[in-house]
file coords-v4.cif (mmCIF, C-alpha atoms)
data_upload
loop_
_atom_site.label_atom_id
_atom_site.label_comp_id
_atom_site.auth_asym_id
_atom_site.auth_seq_id
_atom_site.Cartn_x
_atom_site.Cartn_y
_atom_site.Cartn_z
CA VAL A 1 1.26 -29.39 -27.35
CA LEU A 2 2.85 -27.10 -24.82
CA PHE A 3 2.92 -28.28 -21.24
CA TRP A 4 3.03 -25.59 -18.56
CA PRO A 5 4.04 -26.86 -15.15
CA GLU A 6 1.71 -25.70 -12.39
CA GLU A 7 2.92 -22.46 -10.80
CA MET A 8 4.46 -23.32 -7.44
CA GLY A 9 3.98 -20.01 -5.75
CA PHE A 10 1.73 -17.66 -3.85
CA THR A 11 1.06 -13.97 -3.37
CA ILE A 12 1.50 -11.80 -0.30
CA GLN A 13 1.12 -8.13 0.46
CA VAL A 14 3.95 -6.04 1.88
CA LEU A 15 3.22 -2.75 3.66
CA LEU A 16 6.00 -0.20 4.02
CA PHE A 17 6.11 2.53 6.64
CA ALA A 18 8.10 5.65 7.43
CA SER A 19 11.79 5.48 6.46
CA ALA A 20 11.33 2.05 4.84
CA ARG A 21 8.60 3.44 2.59
CA GLU A 22 10.83 6.35 1.61
CA ALA A 23 13.82 4.11 0.94
CA ALA A 24 11.72 2.05 -1.49
CA GLY A 25 10.87 5.23 -3.41
CA ASN A 26 7.76 6.18 -1.47
CA VAL A 27 6.01 2.90 -2.15
CA PRO A 28 3.45 2.26 0.61
CA SER A 29 2.37 -1.20 -0.49
CA ILE A 30 3.61 -4.02 -2.75
CA THR A 31 1.97 -7.21 -4.00
CA LEU A 32 4.68 -9.85 -4.19
CA ASP A 33 4.81 -13.29 -5.77
CA LEU A 34 6.85 -15.80 -3.82
CA HIS A 35 7.94 -19.38 -4.43
CA ASP A 36 6.43 -22.12 -2.29
CA GLY A 37 8.39 -22.54 0.91
CA SER A 38 9.35 -18.85 1.10
CA ASP A 39 9.81 -17.40 4.57
CA THR A 40 10.53 -13.98 6.11
CA ALA A 41 14.29 -14.34 5.46
CA VAL A 42 13.60 -14.99 1.77
CA LEU A 43 11.33 -11.95 1.76
CA ARG A 44 14.06 -9.70 3.19
CA ARG A 45 16.51 -10.87 0.51
CA LEU A 46 13.97 -10.41 -2.26
CA LEU A 47 13.12 -6.88 -1.13
CA SER A 48 16.80 -5.96 -0.89
CA GLU A 49 17.25 -7.05 -4.52
CA LYS A 50 14.16 -5.27 -5.82
CA TYR A 51 14.78 -2.04 -3.88
CA PRO A 52 18.53 -1.33 -3.64
CA LYS A 53 18.08 1.78 -1.46
CA LEU A 54 16.10 -0.35 1.02
CA SER A 55 18.72 -3.07 0.98
CA SER A 56 20.90 -2.30 4.01
CA MET A 57 17.82 -1.50 6.13
CA VAL A 58 15.80 -4.60 5.19
CA LEU A 59 18.71 -7.02 5.64
CA ASP A 60 19.44 -5.68 9.15
CA GLU A 61 17.11 -7.16 11.78
CA GLU A 62 18.20 -4.51 14.26
CA SER A 63 17.04 -1.63 12.07
CA LEU A 64 13.94 -3.21 10.56
CA THR A 65 11.42 -5.41 12.35
CA LEU A 66 8.69 -7.27 10.50
CA ALA A 67 5.06 -7.70 11.43
CA LEU A 68 3.22 -10.72 10.02
CA ASN A 69 -0.55 -10.33 9.95
CA GLU A 70 -0.35 -7.58 12.56
CA GLU A 71 1.89 -9.47 14.99
CA TYR A 72 5.53 -8.56 15.50
CA VAL A 73 8.01 -11.17 14.29
CA PRO A 74 10.48 -11.53 17.18
CA THR A 75 14.06 -10.63 16.33
CA GLY A 76 15.96 -13.71 15.28
CA GLU A 77 12.87 -15.66 14.34
CA ILE A 78 12.20 -16.71 10.74
CA LEU A 79 8.57 -17.47 9.95
CA PRO A 80 7.09 -19.31 6.95
CA LEU A 81 4.80 -17.33 4.66
CA LYS A 82 1.59 -18.37 2.93
CA ALA A 83 -0.91 -16.97 0.44
CA GLY A 84 -2.70 -13.87 1.61
CA ASP A 85 -0.18 -12.99 4.34
CA VAL A 86 0.37 -9.32 5.06
CA VAL A 87 3.91 -8.41 6.08
CA ALA A 88 4.68 -4.91 7.33
CA LEU A 89 8.14 -3.36 7.38
CA ILE A 90 8.52 -1.73 10.80
CA PRO A 91 11.41 0.73 11.28
CA PRO A 92 12.06 1.81 14.90
CA ILE A 93 8.81 3.32 16.14
CA SER A 94 8.22 6.78 17.59
CA GLY A 95 4.64 7.17 18.74
CA GLY A 96 3.67 9.19 21.77
CA MET B 1 -12.12 -7.08 31.16
CA ALA B 2 -14.90 -6.17 28.75
CA GLN B 3 -13.64 -4.57 25.56
CA SER B 4 -16.33 -1.94 25.90
CA SER B 5 -14.34 -0.52 28.82
CA PHE B 6 -11.63 0.57 26.40
CA PHE B 7 -11.71 3.39 23.87
CA VAL B 8 -8.79 3.34 21.44
CA ARG B 9 -8.35 5.31 18.27
CA VAL B 10 -5.51 6.26 15.91
CA SER B 11 -6.80 8.95 13.60
CA GLU B 12 -6.33 12.42 12.14
CA ASP B 13 -9.35 13.42 14.17
CA LEU B 14 -8.03 13.23 17.73
CA PRO B 15 -10.72 13.09 20.44
CA SER B 16 -10.43 15.77 23.13
CA VAL B 17 -9.20 15.37 26.69
CA GLU B 18 -12.80 15.96 27.76
CA ASP B 19 -14.01 13.13 25.50
CA CYS B 20 -11.44 10.79 27.06
CA ASN B 21 -12.18 11.83 30.64
CA ASP B 22 -15.91 11.49 30.01
CA PHE B 23 -15.40 8.01 28.58
CA VAL B 24 -13.43 6.70 31.57
CA ALA B 25 -15.66 8.27 34.23
CA ASP B 26 -17.38 5.64 36.32
CA SER B 27 -19.37 6.03 39.52
CA SER B 28 -17.26 3.37 41.24
CA CYS B 29 -14.09 5.35 40.54
CA GLY B 30 -12.82 8.13 42.74
CA ALA B 31 -9.82 8.83 40.53
CA ILE B 32 -9.49 9.85 36.90
CA THR B 33 -5.94 10.37 35.64
CA SER B 34 -4.90 11.54 32.20
CA PHE B 35 -1.73 12.20 30.24
CA VAL B 36 -1.49 14.50 27.26
CA GLY B 37 1.58 14.43 24.96
CA VAL B 38 2.08 17.74 23.20
CA THR B 39 4.47 18.81 20.44
CA ARG B 40 7.42 20.61 22.00
CA ASP B 41 9.05 23.66 20.36
CA THR B 42 12.68 22.54 20.44
CA PHE B 43 14.82 19.47 19.99
CA ASP B 44 18.59 19.49 20.39
CA GLY B 45 18.73 23.27 20.11
CA LYS B 46 16.70 23.31 16.88
CA ARG B 47 13.31 25.01 16.59
CA VAL B 48 10.59 22.48 15.79
CA ALA B 49 7.82 23.61 13.45
CA LYS B 50 5.70 20.50 13.78
CA LEU B 51 5.66 16.76 14.17
CA SER B 52 4.04 14.62 11.50
CA TYR B 53 2.70 11.18 12.41
CA GLU B 54 2.21 8.04 10.36
CA GLY B 55 0.73 4.78 11.64
CA TYR B 56 0.01 1.16 10.79
CA VAL B 57 -3.51 1.84 11.95
CA PRO B 58 -5.14 -1.62 12.33
CA MET B 59 -2.09 -2.97 14.17
CA ALA B 60 -1.64 0.20 16.23
CA GLU B 61 -5.23 0.01 17.48
CA LYS B 62 -4.79 -3.72 18.16
CA GLU B 63 -1.64 -3.01 20.19
CA LEU B 64 -3.42 -0.23 22.09
CA LEU B 65 -6.17 -2.70 23.06
CA ARG B 66 -3.50 -5.18 24.17
CA LEU B 67 -1.93 -2.43 26.23
CA CYS B 68 -5.27 -1.71 27.89
CA ASN B 69 -5.70 -5.39 28.73
CA ASP B 70 -2.16 -5.56 30.12
CA ALA B 71 -2.80 -2.44 32.20
CA CYS B 72 -5.96 -3.99 33.65
CA SER B 73 -4.12 -7.11 34.69
CA LYS B 74 -1.52 -4.99 36.53
CA TYR B 75 -3.62 -2.21 38.03
CA ASP B 76 -7.06 -1.84 39.50
CA VAL B 77 -8.44 0.33 36.69
CA LYS B 78 -11.97 0.20 35.35
CA ARG B 79 -11.94 2.11 32.06
CA ILE B 80 -9.21 3.32 29.73
CA ALA B 81 -9.05 5.73 26.78
CA ALA B 82 -5.94 5.67 24.57
CA VAL B 83 -5.94 7.83 21.46
CA HIS B 84 -3.20 9.00 19.09
CA ILE B 85 -3.12 11.51 16.27
CA LEU B 86 -2.17 10.93 12.63
CA GLY B 87 -0.83 13.60 10.30
CA ASP B 88 0.53 16.99 11.28
CA CYS B 89 0.73 18.08 14.90
CA PRO B 90 1.97 21.68 15.34
CA VAL B 91 3.81 22.95 18.40
CA GLY B 92 1.54 23.07 21.42
CA LYS B 93 -1.03 20.67 20.03
CA PRO B 94 -1.75 17.26 21.59
CA SER B 95 -0.60 14.12 19.80
CA VAL B 96 -1.53 11.47 22.35
CA ILE B 97 -4.09 11.32 25.17
CA LEU B 98 -4.34 8.55 27.74
CA ALA B 99 -6.95 8.47 30.47
CA CYS B 100 -8.01 5.89 33.03
CA SER B 101 -10.24 5.57 36.05
CA SER B 102 -9.73 3.68 39.28
CA PRO B 103 -11.48 3.50 42.65
CA HIS B 104 -8.36 5.08 44.20
CA ARG B 105 -5.62 7.32 42.87
CA ARG B 106 -2.51 5.15 43.28
CA ASP B 107 -3.43 2.62 40.59
CA ALA B 108 -4.71 5.31 38.23
CA LEU B 109 -1.46 7.27 38.47
CA HIS B 110 0.74 4.20 37.95
CA CYS B 111 -1.45 2.93 35.13
CA ILE B 112 -1.02 6.13 33.13
CA GLU B 113 2.75 5.94 33.48
CA PHE B 114 2.65 2.31 32.35
CA LEU B 115 0.45 3.15 29.35
CA ILE B 116 2.66 5.91 27.94
CA ASP B 117 5.87 3.93 28.50
CA GLU B 118 4.41 0.83 26.83
CA LEU B 119 2.87 2.82 23.98
CA LYS B 120 6.28 4.20 23.12
CA ALA B 121 7.74 0.68 23.16
CA ARG B 122 5.05 -1.17 21.22
CA VAL B 123 2.58 0.77 19.14
CA PRO B 124 3.50 1.00 15.41
CA ILE B 125 3.33 4.76 14.92
CA TRP B 126 6.16 6.94 13.57
CA LYS B 127 6.84 10.64 13.82
CA ARG B 128 8.81 12.94 11.57
CA GLU B 129 10.25 16.03 13.24
CA VAL B 130 10.08 19.05 10.94
CA TYR B 131 12.32 22.00 11.85
CA GLU B 132 11.69 25.68 11.26
CA GLY B 133 13.29 27.20 8.19
CA ASP B 134 14.56 23.79 7.11
CA GLU B 135 13.56 21.57 4.25
CA ASP B 136 15.00 18.73 6.28
CA SER B 137 13.06 16.53 8.62
CA VAL B 138 14.02 13.40 10.61
CA TRP B 139 12.22 10.22 11.50
CA LYS B 140 12.40 9.89 15.27
CA GLU B 141 13.11 6.64 17.11
CA ASN B 142 11.89 5.87 20.61
CA ILE B 143 14.56 4.59 22.99
CA GLU B 144 11.77 2.47 24.45
CA TRP B 145 11.54 0.50 21.17
CA LYS B 146 15.14 -0.66 21.47
CA GLU B 147 14.75 -1.31 25.20
CA GLY B 148 11.56 -3.26 24.49
CA LYS B 149 13.38 -5.61 22.14
CA PRO B 150 13.83 -8.40 24.71
CA ARG B 151 10.06 -8.78 24.80
CA ARG B 152 10.04 -9.25 21.03
CA VAL B 153 13.00 -11.62 20.99
CA MET B 154 12.46 -15.35 20.75
CA VAL B 155 14.01 -17.21 23.64
CA LEU B 156 17.17 -18.68 22.13
CA GLU B 157 19.28 -21.53 23.50
CA ASP B 158 22.44 -19.58 22.72
CA THR B 159 22.44 -16.34 24.72
CA SER B 160 25.74 -15.03 23.43
CA SER B 161 24.23 -12.45 21.03
#
call {"tool": "encode", "arguments": {"input": "coords-v4.cif", "output": "structure tokens"}}
result
Amino acid sequence: VLFWPEEMGFTIQVLLFASAREAAGNVPSITLDLHDGSDTAVLRRLLSEKYPKLSSMVLDEESLTLALNEEYVPTGEILPLKAGDVVALIPPISGG
Amino acid sequence: MAQSSFFVRVSEDLPSVEDCNDFVADSSCGAITSFVGVTRDTFDGKRVAKLSYEGYVPMAEKELLRLCNDACSKYDVKRIAAVHILGDCPVGKPSVILACSSPHRRDALHCIEFLIDELKARVPIWKREVYEGDEDSVWKENIEWKEGKPRRVMVLEDTSS
């Protein structure tokens, strides 16, 4: 009898915009599986591993801000993530 | 302030200046002020063919509503329209229109200035500048975004950074 331990993880959606989208190979949206306890810092590291061309941008809080469920994550703050969260990668904006 | 006093939209189909002015018109208001941002033909000596806009639409419209609420808490304005284009915007065409109404002109004028400055600092929209004769294009960055950082920074005990 095989015993499979219960999956300790959850799924989020990542939206990529502008130069971040291009750096990831023109990928506008990713569904990502994360381990329980993952936060926005873990997410940045994971994305830098999966998308090498995005790496320097996503690891640098000055050049890439995150938005969690349509609210900016303040620079320097690390927020926990949960199932169903939507994280957007926000390069410096240029509306107007 | 009632949400119905605000008209915000981020879309390929940009409402007209007339639409915006008509929306903000109110019989209690003696002043209607508007701002129109238009694609300019040069940047840094290079000829611009067009600007191309991309947006995180749900969040951009949410931020525009927040902006309207902030404006109303600072200025005596009654109605606001704040709309922004998506997609291509050739030279001479409008990309952003802001309009507001106030009983008197001073608050209307200041409100418009506040709205465009804050929009550039907060609303998640990006523009690519496409030059004439060039395959190259650049993603622009608003100086206001960097300057607006303190408002997005958590208050830290250690202020050395």
call {"tool": "interface_residues", "arguments": {"input": "coords-v4.cif", "of": "chain A", "to": "chain B", "cutoff": "12 Å", "atoms": "all atoms listed in the file", "output": "PyMOL selection string"}}
result
chain A and resi 15-22+28-29+61-79+86-96
call {"tool": "residues_around", "arguments": {"input": "coords-v4.cif", "residues": "Gly37 (chain A)", "least_positions_apart": "2", "cutoff": "12 Å", "atoms": "only C-alpha atoms", "output": "VMD selection string"}}
result
chain A and resid 8 to 10 33 to 35 39 to 43 79 to 83
call {"tool": "resolve_selection", "arguments": {"input": "coords-v4.cif", "expression": "the PyMOL selection byres ((chain B and resi 101) around 6)", "output": "list in words"}}
result
Val24, Cys29, Ala31, Ile32, Val77, Lys78, Arg79, Cys100, Ser102 and Ala108 of chain B
call {"tool": "closest_residue", "arguments": {"input": "coords-v4.cif", "among": "B:Val10, B:Cys20, B:Leu115, B:Ala25", "to": "Lys74 (chain B)", "atoms": "all atoms listed in the file"}}
result
B:Leu115
call {"tool": "atom_distance", "arguments": {"input": "coords-v4.cif", "atom1": "CA of Ser34 (chain B)", "atom2": "CA of Val17 (chain B)"}}
result
8.0 Å
call {"tool": "atom_distance", "arguments": {"input": "coords-v4.cif", "atom1": "CA of Met57 (chain A)", "atom2": "CA of Ser52 (chain B)"}}
result
21.9 Å
call {"tool": "atom_distance", "arguments": {"input": "coords-v4.cif", "atom1": "CA of Phe23 (chain B)", "atom2": "CA of Gly87 (chain B)"}}
result
24.0 Å
call {"tool": "axis_aligned_box", "arguments": {"input": "coords-v4.cif", "around": "region 80-87 of chain A", "padding_each_side": "8 Å", "output": "AutoDock Vina command-line options"}}
result
--center_x 2.2 --center_y -13.9 --center_z 3.7 --size_x 25.8 --size_y 26.9 --size_z 22.5
call {"tool": "residues_around", "arguments": {"input": "coords-v4.cif", "residues": "Asp107 (chain B)", "least_positions_apart": "2", "cutoff": "8 Å", "atoms": "all atoms listed in the file", "output": "number ranges by chain"}}
result
B: 75-77, 102, 104-105, 109-111
call {"tool": "write_last_selection", "arguments": {"input": "coords-v4.cif", "atoms": "C-alpha atoms", "output": "compact mmCIF listing (two decimals), in the coordinates of the input"}}
result
# COMPACT_ATOMS: atom_id res chain seq x y z
CA TYR B 75 -3.62 -2.21 38.03
CA ASP B 76 -7.06 -1.84 39.50
CA VAL B 77 -8.44 0.33 36.69
CA SER B 102 -9.73 3.68 39.28
CA HIS B 104 -8.36 5.08 44.20
CA ARG B 105 -5.62 7.32 42.87
CA LEU B 109 -1.46 7.27 38.47
CA HIS B 110 0.74 4.20 37.95
CA CYS B 111 -1.45 2.93 35.13
call {"tool": "resolve_selection", "arguments": {"input": "coords-v4.cif", "expression": "the PyMOL selection byres ((chain B and resi 44-51) around 6)", "output": "PyMOL selection string"}}
result
chain B and resi 41-43+52+88-91+128-132
call {"tool": "resolve_selection", "arguments": {"input": "coords-v4.cif", "expression": "the PyMOL selection byres ((chain A and resi 32) around 8)", "output": "PDB file with C-alpha atoms, in the coordinates of the input"}}
result
ATOM      1  CA  THR A  11       1.060 -13.970  -3.370  1.00  0.00           C
ATOM      2  CA  ILE A  12       1.500 -11.800  -0.300  1.00  0.00           C
ATOM      3  CA  GLN A  13       1.120  -8.130   0.460  1.00  0.00           C
ATOM      4  CA  VAL A  14       3.950  -6.040   1.880  1.00  0.00           C
ATOM      5  CA  ILE A  30       3.610  -4.020  -2.750  1.00  0.00           C
ATOM      6  CA  THR A  31       1.970  -7.210  -4.000  1.00  0.00           C
ATOM      7  CA  ASP A  33       4.810 -13.290  -5.770  1.00  0.00           C
ATOM      8  CA  LEU A  34       6.850 -15.800  -3.820  1.00  0.00           C
TER       9      LEU A  34
END
call {"tool": "closest_residue", "arguments": {"input": "coords-v4.cif", "among": "B:Gly30, B:Asp22, B:Ile80, B:Arg40", "to": "Arg9 (chain B)", "atoms": "all atoms listed in the file"}}
result
B:Ile80
call {"tool": "build_atoms", "arguments": {"input": "coords-v4.cif", "residues": "region 58-79 of chain A", "atoms": "N, CA, C and O atoms", "output": "compact mmCIF listing (two decimals), in the frame of the given file"}}
result
# COMPACT_ATOMS: atom_id res chain seq x y z
N VAL A 58 16.65 -3.42 5.14
CA VAL A 58 15.80 -4.60 5.19
C VAL A 58 16.59 -5.86 5.56
O VAL A 58 16.04 -6.84 6.05
N LEU A 59 17.90 -5.84 5.30
CA LEU A 59 18.71 -7.02 5.64
C LEU A 59 19.19 -6.98 7.09
O LEU A 59 19.74 -7.96 7.59
N ASP A 60 18.96 -5.85 7.78
CA ASP A 60 19.44 -5.68 9.15
C ASP A 60 18.27 -5.80 10.13
O ASP A 60 17.45 -4.89 10.25
N GLU A 61 18.23 -6.92 10.85
CA GLU A 61 17.11 -7.16 11.78
C GLU A 61 17.05 -6.14 12.90
O GLU A 61 16.00 -5.94 13.49
N GLU A 62 18.18 -5.51 13.19
CA GLU A 62 18.20 -4.51 14.26
C GLU A 62 17.49 -3.24 13.81
O GLU A 62 16.88 -2.55 14.60
N SER A 63 17.62 -2.90 12.51
CA SER A 63 17.04 -1.63 12.07
C SER A 63 15.66 -1.80 11.45
O SER A 63 14.95 -0.81 11.27
N LEU A 64 15.27 -3.01 11.12
CA LEU A 64 13.94 -3.21 10.56
C LEU A 64 13.30 -4.48 11.10
O LEU A 64 13.76 -5.58 10.86
N THR A 65 12.21 -4.29 11.83
CA THR A 65 11.42 -5.41 12.35
C THR A 65 10.29 -5.69 11.37
O THR A 65 9.88 -4.80 10.64
N LEU A 66 9.84 -6.94 11.34
CA LEU A 66 8.69 -7.27 10.50
C LEU A 66 7.47 -7.53 11.38
O LEU A 66 7.60 -7.94 12.53
N ALA A 67 6.30 -7.26 10.80
CA ALA A 67 5.06 -7.70 11.43
C ALA A 67 4.37 -8.61 10.43
O ALA A 67 4.25 -8.25 9.25
N LEU A 68 3.93 -9.77 10.87
CA LEU A 68 3.22 -10.72 10.02
C LEU A 68 1.78 -10.78 10.48
O LEU A 68 1.50 -11.17 11.62
N ASN A 69 0.88 -10.37 9.59
CA ASN A 69 -0.55 -10.33 9.95
C ASN A 69 -0.79 -9.65 11.28
O ASN A 69 -1.49 -10.15 12.17
N GLU A 70 -0.18 -8.48 11.42
CA GLU A 70 -0.35 -7.58 12.56
C GLU A 70 0.21 -8.09 13.88
O GLU A 70 -0.22 -7.67 14.95
N GLU A 71 1.18 -9.01 13.80
CA GLU A 71 1.89 -9.47 14.99
C GLU A 71 3.37 -9.29 14.73
O GLU A 71 3.86 -9.72 13.67
N TYR A 72 4.10 -8.72 15.69
CA TYR A 72 5.53 -8.56 15.50
C TYR A 72 6.21 -9.92 15.34
O TYR A 72 5.90 -10.87 16.06
N VAL A 73 7.15 -10.00 14.40
CA VAL A 73 8.01 -11.17 14.29
C VAL A 73 9.19 -10.93 15.21
O VAL A 73 9.94 -9.97 15.02
N PRO A 74 9.38 -11.77 16.24
CA PRO A 74 10.48 -11.53 17.18
C PRO A 74 11.83 -11.54 16.46
O PRO A 74 12.02 -12.32 15.52
N THR A 75 12.73 -10.70 16.93
CA THR A 75 14.06 -10.63 16.33
C THR A 75 14.72 -11.99 16.41
O THR A 75 14.71 -12.64 17.45
N GLY A 76 15.29 -12.42 15.30
CA GLY A 76 15.96 -13.71 15.28
C GLY A 76 15.07 -14.84 14.82
O GLY A 76 15.55 -15.94 14.53
N GLU A 77 13.78 -14.60 14.75
CA GLU A 77 12.87 -15.66 14.34
C GLU A 77 12.58 -15.55 12.84
O GLU A 77 12.42 -14.45 12.33
N ILE A 78 12.55 -16.69 12.16
CA ILE A 78 12.20 -16.71 10.74
C ILE A 78 10.89 -17.48 10.61
O ILE A 78 10.79 -18.62 11.06
N LEU A 79 9.89 -16.84 10.03
CA LEU A 79 8.57 -17.47 9.95
C LEU A 79 8.21 -17.83 8.51
O LEU A 79 8.53 -17.08 7.59
